[in-house]
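work-v1.cif follows; it contains mmCIF, C-alpha atoms.
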data_structure
loop_
_atom_site.label_atom_id
_atom_site.label_comp_id
_atom_site.auth_asym_id
_atom_site.auth_seq_id
_atom_site.Cartn_x
_atom_site.Cartn_y
_atom_site.Cartn_z
CA MET A 1 71.32 48.72 151.47
CA ASN A 2 72.10 51.59 149.10
CA ASN A 3 74.56 54.44 149.45
CA HIS A 4 74.00 57.01 152.23
CA GLN A 5 71.14 55.16 153.88
CA CYS A 6 68.85 56.10 156.71
CA LEU A 7 70.06 59.61 157.51
CA LEU A 8 68.00 62.69 156.74
CA ALA A 9 64.97 60.69 155.63
CA ALA A 10 64.87 58.84 158.93
CA SER A 11 64.98 62.14 160.76
CA LEU A 12 62.21 63.76 158.73
CA ILE A 13 59.86 60.83 159.03
CA ALA A 14 60.64 60.25 162.67
CA ALA A 15 59.69 63.85 163.33
CA PHE A 16 56.16 63.05 162.18
CA LEU A 17 55.67 59.38 163.06
CA CYS A 18 58.15 58.76 165.91
CA LEU A 19 59.11 55.50 164.17
CA PRO A 20 62.57 54.08 163.35
CA VAL A 21 62.81 53.90 159.57
CA SER A 22 65.41 53.63 156.81
CA ALA A 23 65.78 55.53 153.57
CA SER A 24 68.18 57.11 151.12
CA ALA A 25 69.46 60.43 152.44
CA GLU A 26 71.64 62.05 149.81
CA ASP A 27 68.76 63.27 147.65
CA ALA A 28 66.71 64.03 150.74
CA VAL A 29 68.89 67.06 151.35
CA SER A 30 67.46 68.73 148.27
CA SER A 31 63.92 67.46 148.76
CA SER A 32 63.46 68.79 152.28
CA ASN A 33 62.58 72.23 150.93
CA ASP A 34 59.23 70.81 149.91
CA ALA A 35 58.43 69.53 153.39
CA ILE A 36 57.04 72.85 154.55
CA SER A 37 54.08 74.10 156.46
CA THR A 38 51.46 76.12 154.63
CA ASP A 39 49.43 76.71 157.77
CA THR A 40 49.82 80.43 158.41
CA ASN A 41 47.81 80.45 161.64
CA SER A 42 49.81 78.16 163.93
CA LEU A 43 53.25 77.64 165.43
CA ASP A 44 54.30 74.08 166.09
CA ILE A 45 57.58 72.62 167.37
CA GLU A 46 58.30 68.89 167.45
CA ILE A 47 61.52 67.28 168.74
CA VAL A 48 61.83 63.52 168.35
CA PRO A 49 64.67 61.05 169.05
CA PHE A 50 65.01 58.00 166.79
CA VAL A 51 67.03 54.80 166.52
CA PHE A 52 67.49 52.12 163.87
CA SER A 53 70.03 49.54 162.77
CA THR A 54 71.33 48.55 159.32
CA GLU A 55 74.12 46.34 158.02
CA ALA A 56 75.91 49.28 156.38
CA MET A 57 75.74 51.65 159.35
CA GLY A 58 75.29 49.52 162.43
CA PHE A 59 73.25 50.83 165.35
CA SER A 60 72.24 54.44 164.69
CA ALA A 61 70.72 57.05 166.97
CA GLY A 62 69.82 60.67 166.48
CA MET A 63 67.38 63.47 167.04
CA ALA A 64 65.25 65.63 164.74
CA GLY A 65 63.40 68.87 165.32
CA HIS A 66 60.82 70.61 163.13
CA TRP A 67 59.54 74.13 163.80
CA LYS A 68 56.56 75.32 161.80
CA GLY A 69 56.01 79.06 161.81
CA ALA A 70 59.67 79.69 162.65
CA GLY A 71 59.65 83.47 163.15
CA GLN A 72 57.20 84.01 160.27
CA PRO A 73 53.85 82.26 159.70
CA GLN A 74 54.83 80.65 156.38
CA ALA A 75 58.40 79.76 157.41
CA SER A 76 59.82 76.58 158.87
CA MET A 77 63.07 75.24 160.26
CA PHE A 78 64.35 71.68 160.45
CA ALA A 79 67.43 70.25 162.14
CA ALA A 80 68.72 66.71 162.51
CA GLY A 81 71.78 64.94 163.81
CA LEU A 82 72.81 61.29 163.80
CA GLY A 83 75.70 59.03 164.83
CA THR A 84 76.34 55.31 164.33
CA THR A 85 78.42 52.54 165.84
CA LYS A 86 80.34 52.31 162.53
CA LYS A 87 81.53 55.92 162.86
CA THR A 88 79.17 57.41 160.29
CA TRP A 89 77.61 60.72 161.32
CA MET A 90 75.38 63.40 159.79
CA SER A 91 74.20 66.90 160.67
CA PHE A 92 71.64 68.94 158.78
CA ILE A 93 69.81 72.23 159.25
CA ALA A 94 67.39 74.02 156.94
CA ALA A 95 65.46 77.28 157.09
CA ASN A 96 62.69 77.59 154.51
CA ASN A 97 60.40 80.23 153.02
CA TYR A 98 61.30 83.51 154.67
CA VAL A 99 60.10 86.84 153.26
CA LEU A 100 61.34 90.41 153.67
CA SER A 101 57.88 91.98 153.63
CA SER A 102 54.24 90.94 153.39
CA ASP A 103 53.96 92.08 149.77
CA SER A 104 57.26 90.56 148.65
CA ARG A 105 57.57 88.14 145.75
CA TRP A 106 60.82 86.66 147.11
CA LEU A 107 61.12 83.53 149.23
CA PHE A 108 64.48 82.89 150.95
CA SER A 109 65.72 79.50 152.15
CA GLY A 110 68.99 77.84 153.06
CA GLN A 111 70.47 74.46 153.95
CA LEU A 112 73.66 73.22 155.62
CA TYR A 113 74.59 69.53 155.37
CA GLU A 114 77.72 67.75 156.65
CA ALA A 115 78.37 64.02 156.90
CA ASP A 116 81.10 61.42 157.29
CA TYR A 117 80.40 58.01 155.72
CA THR A 118 82.37 54.89 156.61
CA GLN A 119 82.81 52.11 154.03
CA PHE A 120 80.01 52.91 151.59
CA ASP A 121 79.79 51.85 147.94
CA TYR A 122 80.83 54.38 145.27
CA PHE A 123 80.73 54.16 141.48
CA LEU A 124 83.58 56.11 139.88
CA GLY A 125 84.77 56.57 136.30
CA ASP A 126 83.86 53.64 134.05
CA ALA A 127 82.11 51.99 136.99
CA ALA A 128 79.35 54.62 136.65
CA SER A 129 78.80 54.11 132.91
CA ASN A 130 75.70 52.52 131.42
CA ASP A 131 77.70 49.35 130.63
CA SER A 132 79.06 48.91 134.16
CA ILE A 133 77.98 46.24 136.63
CA LYS A 134 77.31 46.45 140.35
CA SER A 135 80.53 44.65 141.30
CA ASP A 136 82.49 47.55 139.79
CA SER A 137 81.75 49.59 142.89
CA ILE A 138 84.47 50.54 145.37
CA LYS A 139 84.09 50.83 149.13
CA ALA A 140 85.47 53.98 150.67
CA ASP A 141 85.18 56.45 153.50
CA SER A 142 84.07 59.94 152.54
CA ARG A 143 83.38 63.39 153.90
CA ASP A 144 80.34 64.99 152.22
CA THR A 145 79.21 68.61 152.32
CA ARG A 146 76.29 70.42 150.70
CA HIS A 147 75.45 74.06 151.48
CA HIS A 148 73.11 76.26 149.48
CA LEU A 149 71.03 79.40 149.61
CA SER A 150 67.76 79.74 147.72
CA MET A 151 66.37 83.05 146.45
CA ARG A 152 63.07 82.26 144.71
CA TYR A 153 61.14 84.96 142.86
CA ILE A 154 57.44 84.34 142.18
CA LEU A 155 56.57 85.70 138.74
CA PRO A 156 53.46 87.98 138.50
CA ILE A 157 51.53 85.71 136.12
CA GLY A 158 48.93 82.96 136.36
CA ALA A 159 47.66 82.23 139.85
CA ALA A 160 50.37 84.46 141.38
CA THR A 161 49.25 87.75 139.82
CA THR A 162 48.15 88.76 143.32
CA GLN A 163 49.09 87.28 146.73
CA PRO A 164 52.21 85.56 145.31
CA ILE A 165 53.45 83.93 148.53
CA ARG A 166 50.06 82.46 149.36
CA ALA A 167 49.74 81.16 145.80
CA ALA A 168 53.22 79.63 145.84
CA LEU A 169 52.77 77.83 149.18
CA SER A 170 49.12 76.83 148.85
CA PRO A 171 48.71 73.01 148.89
CA TYR A 172 45.71 73.25 146.54
CA ARG A 173 44.87 75.41 143.55
CA GLU A 174 42.59 75.29 140.55
CA VAL A 175 44.02 74.47 137.13
CA THR A 176 42.53 77.24 134.99
CA GLY A 177 44.54 76.92 131.79
CA HIS A 178 47.39 75.34 129.88
CA THR A 179 49.94 78.16 129.76
CA PRO A 180 51.93 79.93 132.50
CA TRP A 181 50.05 83.16 131.74
CA ASP A 182 46.68 81.58 132.49
CA SER A 183 47.29 79.10 135.28
CA GLY A 184 49.67 77.82 137.93
CA VAL A 185 52.62 79.43 139.69
CA SER A 186 55.81 80.28 137.82
CA SER A 187 59.05 81.12 139.58
CA ILE A 188 62.78 81.52 139.08
CA ASP A 189 65.09 80.30 141.83
CA PHE A 190 68.75 81.32 142.20
CA ARG A 191 70.76 78.85 144.32
CA PRO A 192 74.44 79.56 144.97
CA PHE A 193 75.93 76.41 146.45
CA TYR A 194 79.03 74.64 147.66
CA GLU A 195 79.30 70.86 147.39
CA SER A 196 82.19 68.54 148.11
CA ARG A 197 83.02 64.88 148.47
CA GLU A 198 86.42 63.81 149.75
CA LEU A 199 87.10 60.08 149.34
CA VAL A 200 89.68 58.37 151.54
CA GLY A 201 91.68 55.30 150.52
CA ASP A 202 92.17 53.55 147.19
CA ALA A 203 88.97 55.05 145.75
CA ALA A 204 90.61 58.47 145.72
CA ASN A 205 93.09 57.24 143.08
CA VAL A 206 90.67 55.56 140.66
CA PRO A 207 91.12 56.87 137.06
CA SER A 208 88.04 58.80 135.97
CA ASP A 209 86.62 60.44 132.88
CA PHE A 210 85.18 63.04 135.24
CA SER A 211 86.85 65.90 137.08
CA ASP A 212 89.13 64.68 139.88
CA THR A 213 88.32 67.73 142.00
CA ASP A 214 86.55 67.07 145.28
CA GLU A 215 84.59 70.34 145.44
CA VAL A 216 82.19 72.50 143.43
CA TRP A 217 81.35 76.18 143.86
CA GLY A 218 78.41 76.97 141.60
CA LEU A 219 75.10 78.60 140.85
CA GLU A 220 71.97 76.61 140.15
CA THR A 221 69.16 78.50 138.39
CA ARG A 222 65.71 76.89 138.33
CA LEU A 223 62.82 78.01 136.16
CA ARG A 224 59.66 76.28 137.39
CA TRP A 225 56.02 76.25 136.32
CA ASP A 226 53.77 74.43 138.78
CA ASN A 227 50.35 73.91 137.22
CA ARG A 228 49.23 71.03 139.47
CA ASP A 229 45.92 71.08 141.31
CA SER A 230 47.62 69.77 144.47
CA ALA A 231 51.17 69.79 145.75
CA ASN A 232 50.80 66.50 147.67
CA ASN A 233 48.29 64.54 145.62
CA PRO A 234 47.95 65.95 142.08
CA LYS A 235 45.09 64.64 139.96
CA ALA A 236 45.34 67.11 137.07
CA GLY A 237 47.76 69.53 135.49
CA SER A 238 51.50 69.46 135.01
CA LEU A 239 54.85 70.42 136.55
CA SER A 240 57.67 71.81 134.38
CA GLU A 241 61.21 72.58 135.48
CA PHE A 242 64.36 73.68 133.67
CA ILE A 243 67.64 73.85 135.60
CA VAL A 244 71.02 75.29 134.61
CA THR A 245 73.99 74.58 136.90
CA ALA A 246 77.35 76.27 136.37
CA ASP A 247 80.72 76.25 138.12
CA LEU A 248 83.01 78.99 136.74
CA GLY A 249 86.10 77.16 137.96
CA SER A 250 89.24 78.53 139.60
CA ASN A 251 93.02 78.23 139.45
CA ASP A 252 92.69 74.70 140.87
CA ARG A 253 89.69 73.32 139.00
CA ALA A 254 88.03 73.53 135.59
CA GLY A 255 84.70 75.25 135.09
CA TRP A 256 81.72 73.40 133.60
CA TRP A 257 77.98 73.70 133.12
CA LYS A 258 75.01 71.41 132.62
CA TRP A 259 71.26 71.71 132.04
CA GLU A 260 68.37 69.54 133.18
CA ALA A 261 64.72 69.45 132.12
CA SER A 262 61.88 67.65 133.88
CA GLN A 263 58.25 67.45 132.75
CA SER A 264 55.42 65.74 134.65
CA TRP A 265 51.76 65.23 133.72
CA PHE A 266 48.83 64.02 135.84
CA HIS A 267 45.52 62.59 134.62
CA ALA A 268 42.60 61.39 136.76
CA LEU A 269 40.78 58.20 135.75
CA GLY A 270 37.88 58.65 138.18
CA ASP A 271 36.73 56.30 140.92
CA TRP A 272 36.50 52.50 140.77
CA ASP A 273 33.08 51.37 141.99
CA GLU A 274 33.37 50.82 145.76
CA LEU A 275 37.06 49.91 145.70
CA ALA A 276 38.84 53.21 144.99
CA LYS A 277 37.74 56.82 145.24
CA GLN A 278 40.64 58.09 143.11
CA GLN A 279 42.81 56.76 140.28
CA VAL A 280 45.58 58.83 138.70
CA VAL A 281 48.12 58.16 135.98
CA ALA A 282 51.35 60.18 136.46
CA LEU A 283 54.15 60.45 133.90
CA ASN A 284 57.57 62.09 134.20
CA VAL A 285 60.23 62.65 131.53
CA TYR A 286 63.69 63.81 132.61
CA THR A 287 66.75 64.62 130.53
CA ALA A 288 70.10 66.32 131.13
CA ASP A 289 73.27 67.26 129.28
CA THR A 290 76.69 68.75 130.01
CA PRO A 291 77.52 70.93 126.93
CA SER A 292 81.01 71.77 128.24
CA TRP A 293 81.92 68.06 128.33
CA ASN A 294 84.42 68.09 125.43
CA ASN A 295 85.81 71.59 126.04
CA THR A 296 89.28 71.85 127.54
CA THR A 297 91.08 74.39 129.68
CA THR A 298 94.42 74.68 131.48
CA VAL A 299 94.58 74.04 135.24
CA ASN A 300 97.94 74.13 137.02
CA GLY A 301 99.70 73.80 133.68
CA GLU A 302 97.74 70.72 132.63
CA ARG A 303 95.08 70.49 129.90
CA VAL A 304 91.84 69.12 131.39
CA TYR A 305 88.24 68.69 130.31
CA GLU A 306 85.52 71.02 131.58
CA ARG A 307 83.54 68.29 133.34
CA PRO A 308 81.93 68.03 136.79
CA PRO A 309 82.98 65.40 139.34
CA GLU A 310 80.71 62.33 139.55
CA PHE A 311 78.72 63.65 142.50
CA ALA A 312 77.68 66.77 140.51
CA GLY A 313 77.18 65.21 137.06
CA ALA A 314 74.12 64.02 135.15
CA ARG A 315 73.04 61.08 137.32
CA LEU A 316 70.41 58.36 137.46
CA GLY A 317 69.47 56.11 140.35
CA GLY A 318 68.11 56.98 143.76
CA LEU A 319 64.83 58.39 145.01
CA TYR A 320 63.39 59.77 141.79
CA ARG A 321 64.75 57.98 138.71
CA LEU A 322 65.69 54.31 138.22
CA ARG A 323 64.60 53.64 141.78
CA SER A 324 65.98 50.08 142.04
CA PHE A 325 69.51 51.52 141.84
CA GLN A 326 71.36 53.46 144.52
CA THR A 327 71.82 57.22 144.28
CA GLY A 328 74.38 58.14 141.63
CA ARG A 329 74.66 54.59 140.30
CA PHE A 330 74.94 55.86 136.70
CA VAL A 331 76.71 59.08 135.72
CA GLY A 332 77.59 60.49 132.30
CA ARG A 333 77.63 63.55 130.10
CA SER A 334 73.91 63.15 129.41
CA ALA A 335 70.93 61.30 130.84
CA LEU A 336 67.37 60.41 129.90
CA SER A 337 64.68 58.72 131.97
CA TYR A 338 60.96 57.97 132.00
CA SER A 339 58.76 57.19 135.00
CA LEU A 340 55.14 56.04 134.86
CA GLU A 341 52.96 55.59 137.95
CA TYR A 342 49.44 54.33 138.59
CA ARG A 343 48.21 55.86 141.87
CA VAL A 344 45.09 54.65 143.69
CA ILE A 345 43.44 55.92 146.88
CA PRO A 346 41.30 53.05 148.24
CA GLU A 347 37.91 53.57 149.83
CA TRP A 348 39.21 51.48 152.74
CA GLN A 349 41.38 53.60 155.05
CA PRO A 350 42.21 51.96 158.41
CA LEU A 351 45.20 54.13 159.40
CA GLY A 352 43.21 56.48 161.62
CA SER A 353 42.47 53.62 164.01
CA LEU A 354 46.01 52.19 164.19
CA PRO A 355 48.47 52.93 167.04
CA VAL A 356 50.81 55.89 166.40
CA PHE A 357 48.90 56.87 163.24
CA ASN A 358 45.89 57.85 165.34
CA TRP A 359 48.01 60.56 166.98
CA TYR A 360 48.10 62.46 163.69
CA ASP A 361 45.91 63.70 160.88
CA VAL A 362 46.16 61.04 158.14
CA PRO A 363 43.45 61.94 155.59
CA TRP A 364 44.47 59.41 152.93
CA TRP A 365 46.78 56.64 151.90
CA GLN A 366 47.73 55.73 148.35
CA TRP A 367 48.75 52.50 146.62
CA VAL A 368 51.14 52.89 143.69
CA ALA A 369 52.57 50.73 140.92
CA PHE A 370 55.45 52.23 138.96
CA VAL A 371 58.00 51.55 136.24
CA ASP A 372 61.17 53.51 135.36
CA ALA A 373 63.49 53.33 132.35
CA GLY A 374 66.61 55.35 131.56
CA ARG A 375 70.30 55.50 130.77
CA VAL A 376 73.33 57.78 130.70
CA ALA A 377 75.72 58.34 127.78
CA ASP A 378 78.85 60.29 126.86
CA THR A 379 77.07 62.14 124.07
CA TYR A 380 73.65 63.76 123.89
CA ASP A 381 72.17 61.53 121.20
CA LEU A 382 68.51 60.55 121.57
CA ALA A 383 69.01 57.33 119.59
CA GLU A 384 71.90 56.33 121.86
CA LEU A 385 70.01 57.31 125.01
CA HIS A 386 67.14 55.00 124.01
CA ARG A 387 69.37 51.94 123.49
CA ASP A 388 70.09 49.42 126.24
CA MET A 389 68.07 51.36 128.82
CA LYS A 390 68.12 50.21 132.43
CA TRP A 391 64.78 49.62 134.13
CA SER A 392 63.09 49.50 137.51
CA ALA A 393 59.61 48.41 138.54
CA GLY A 394 57.90 48.27 141.88
CA GLY A 395 55.14 49.23 144.24
CA ALA A 396 54.64 51.80 146.97
CA ILE A 397 52.34 52.80 149.80
CA ARG A 398 52.15 56.52 150.48
CA PHE A 399 50.16 58.49 153.02
CA GLN A 400 49.79 62.09 154.07
CA VAL A 401 50.70 62.84 157.67
CA GLU A 402 50.12 66.35 159.02
CA GLY A 403 50.38 67.78 155.51
CA VAL A 404 53.52 65.83 154.53
CA VAL A 405 53.52 62.87 152.14
CA VAL A 406 55.49 59.87 153.42
CA ARG A 407 56.29 57.23 150.82
CA SER A 408 57.58 53.71 151.30
CA GLU A 409 58.41 51.75 148.19
CA MET A 410 60.04 48.58 146.94
CA ALA A 411 61.75 48.59 143.55
CA TRP A 412 63.33 45.80 141.51
CA GLY A 413 65.51 46.17 138.43
CA ASN A 414 68.44 44.94 136.37
CA GLU A 415 70.77 44.55 139.37
CA GLU A 416 68.97 44.34 142.68
CA GLY A 417 65.94 45.27 144.73
CA LEU A 418 65.82 48.21 147.14
CA PHE A 419 63.37 49.31 149.81
CA ARG A 420 63.17 53.00 150.65
CA VAL A 421 61.22 55.35 152.88
CA MET A 422 61.15 59.06 152.03
CA ILE A 423 59.02 62.19 152.07
CA ASN A 424 57.24 63.80 149.11
CA GLN A 425 55.98 62.36 145.85
CA PRO A 426 58.84 61.48 143.45
CA PHE A 427 57.29 63.88 140.91
#
Can you dump the structure from the file as C-alpha cells?
Amino acid sequence: MNNHQCLLAASLIAAFLCLPVSASAEDAVSSSNDAISTDTNSLDIEIVPFVFSTEAMGFSAGMAGHWKGAGQPQASMFAAGLGTTKKTWMSFIAANNYVLSSDSRWLFSGQLYEADYTQFDYFLGDAASNDSIKSDSIKADSRDTRHHLSMRYILPIGAATTQPIRAALSPYREVTGHTPWDSGVSSIDFRPFYESRELVGDAANVPSDFSDTDEVWGLETRLRWDNRDSANNPKAGSLSEFIVTADLGSNDRAGWWKWEASQSWFHALGDWDELAKQQVVALNVYTADTPSWNNTTTVNGERVYERPPEFAGARLGGLYRLRSFQTGRFVGRSALSYSLEYRVIPEWQPLGSLPVFNWYDVPWWQWVAFVDAGRVADTYDLAELHRDMKWSAGGAIRFQVEGVVVRSEMAWGNEEGLFRVMINQPF
C-alpha cells in the first residue's frame, strides 16, 4: 500500500457512503477544496464513524463530519480524525467558500492538517530520481503538517461578469467561447501556507540534492481558467491552471521558487447505440520547473542551493499523475506528464437499487480506461523529459454521490500496481 494511505480520503468517502475504504491521503488535503456544496437552499450536517485495516497502518478508526451551508449558503466545513493500532494518527479541518458580502468577488477558505506516520516508505535524494528503483525507499516515522489560507478573486470576465460567486460554484455552465473573455470562469487565488515534514531515524540523515530543511513558509499563487461545461462530469471545454510557488527563505533556510502549468481538454464522442449514453476523451498535460535550482545563497555561513525539500518539489506519482506510483515517488527540478482517459457512462445503472447506495442520490456511474506517462529531471529540457518516461495504465469506476464524484481505480506501471479510492476527477 502506498505512502500515507487511507486517511483523509477514507474520511471524505465515509461521510457520504458510510463504508470503510482505503485511499491515498496526502494529495487529498489539497483536493478537498473541490468537495463543496453548491446547493444554496439547504443546510446539511453529516457525522459518520469509519473503520478499516491495512498492512501499513493496522486497524484504523476515526470519525468525519461534513457541514453544508456552514454559516453561509455556499460555504461548507469538513473535519476528520483518525488513529491506528500502529500509532499513526491524522487530524484535518477545512472551511471553504466564505464571502464577506453578497456582491463580493472574493472566496475565502482555509485548511489545517496534522499527522504522525509510523514506518512509511519515503524516497529521498537520488532515490527520488527518474533512474531510481522502488527498493531505494527508506522506512521512517514522520510528523507532517500542512496549513493554508485561500483568498480567491473571481475575475469580471466570461461567465463571471455578473453573479461571480454563483458562476464560480455552479456545477454546470455553458461553454460559449474559446477565450477567457468569452467563456468560463477565471480567477486568481493567493494561498499563503506552511508545510513541514520531520523525519525520525536514519532517513533524516540521508544525503540529498534537495534542501535539508524540514519546513516551508511560502505563497502559492494560482491563475485558473475553468471553461468546462461541468465540474463533475465535463464533456466539453477545457481547464487551464498556472501556479507559482515561492518561499523567500530565512536565516535558517534558503529561498526558492517553482512554477507549474496544467492544461486539460474534454471532447464528447456521443452515445454508443444502447450500450453507453456518453463517451468522453479527456487529456491532461502537466509540466513544472524550479528556476532557482542552480542559484546559491549563504545560510548559517554555508553556501547552499536555492531548492525546495522533496515534499515541496516538482513531483510525480500519486492521485493525479503516474497513478501506479505512490505520492512523491519521483522528485526533481522539473517534471512533465501526460494523462489520457476514455470515460463512458453506461445505459445500465444498477446503483440506485443496491444497499447503501439507495440511501443517496447517485445519478450516474462512469467506467474509465486511462494511461499516464511522465518523468522528472534535473534540468528543464523537453528532449530529456521525453526520454525514458515512466508509465501507468489502468481502469476506474467513478460515480456521483450527493454532488460529489467518488473514484476507485486500479493502476499498473513500471514498478507495481496500486488500488486507490478518492474524491473528484483527477483532472
Q) Separation of atom CA of A:Ala268 and atom CA of A:Lys235, in Å? A)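 Atom CA of A:Ala268 sits 5.2 Å away from atom CA of A:Lys235.
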Q: Step by step, work through what the PyMOL selection byres ((chain A and resi 131-148) around 7) selects in the shown file, and finish by giving those residues as a PyMOL selection string.
A: chain A and resi 110-123+126-130+149-150+191-201+203+415
Q) Which residue out of A:Thr162, A:Asn227, A:Asp214, A:Pro426 has the minimum interatomic distance to A:His178 when all atoms listed in the file are used? A)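 Residue with the minimum atom-to-atom distance to A:His178: A:Asn227.
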Q | Gap from atom CA of A:Ser240 to atom CA of A:His386 - Å, one decimal | A |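 About the pair atom CA of A:Ser240 and atom CA of A:His386: they are 21.9 Å apart.
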**Q.** Proximity to A:Phe325 - best of A:Trp412, A:Tyr342, A:Phe78, A:Trp217, all atoms listed in the file
**A.**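 Using all atoms listed in the file, the shortest distance to A:Phe325 belongs to A:Trp412.
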Q | A:Pro291, A:Pro156, A:Gly301, A:Gly65 ranked by distance to A:Ala314, top pick (using all atoms listed in the file) | A |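 The closest residue to A:Ala314 is A:Pro291.
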Q) Hey, what comes out of the PyMOL selection byres ((chain A and resi 374) around 7) on this file? Could you write it as a ChimeraX atom specification? A) /A:322,336-338,372-373,375,389-391
Q) Near A:Ser211, within 7 Å and counting only C-alpha atoms, which residues show up once chain neighbours fewer than 5 positions away are dropped, as a list in words? A) Arg307, Pro308 and Pro309 of chain A
Q: Go through A:Ala312, A:Phe357, A:Thr176, A:Asp212 and flag the residue nearest A:Val299, using all atoms listed in the file for the distances.
A: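 Under the stated criterion, the closest residue is A:Asp212.
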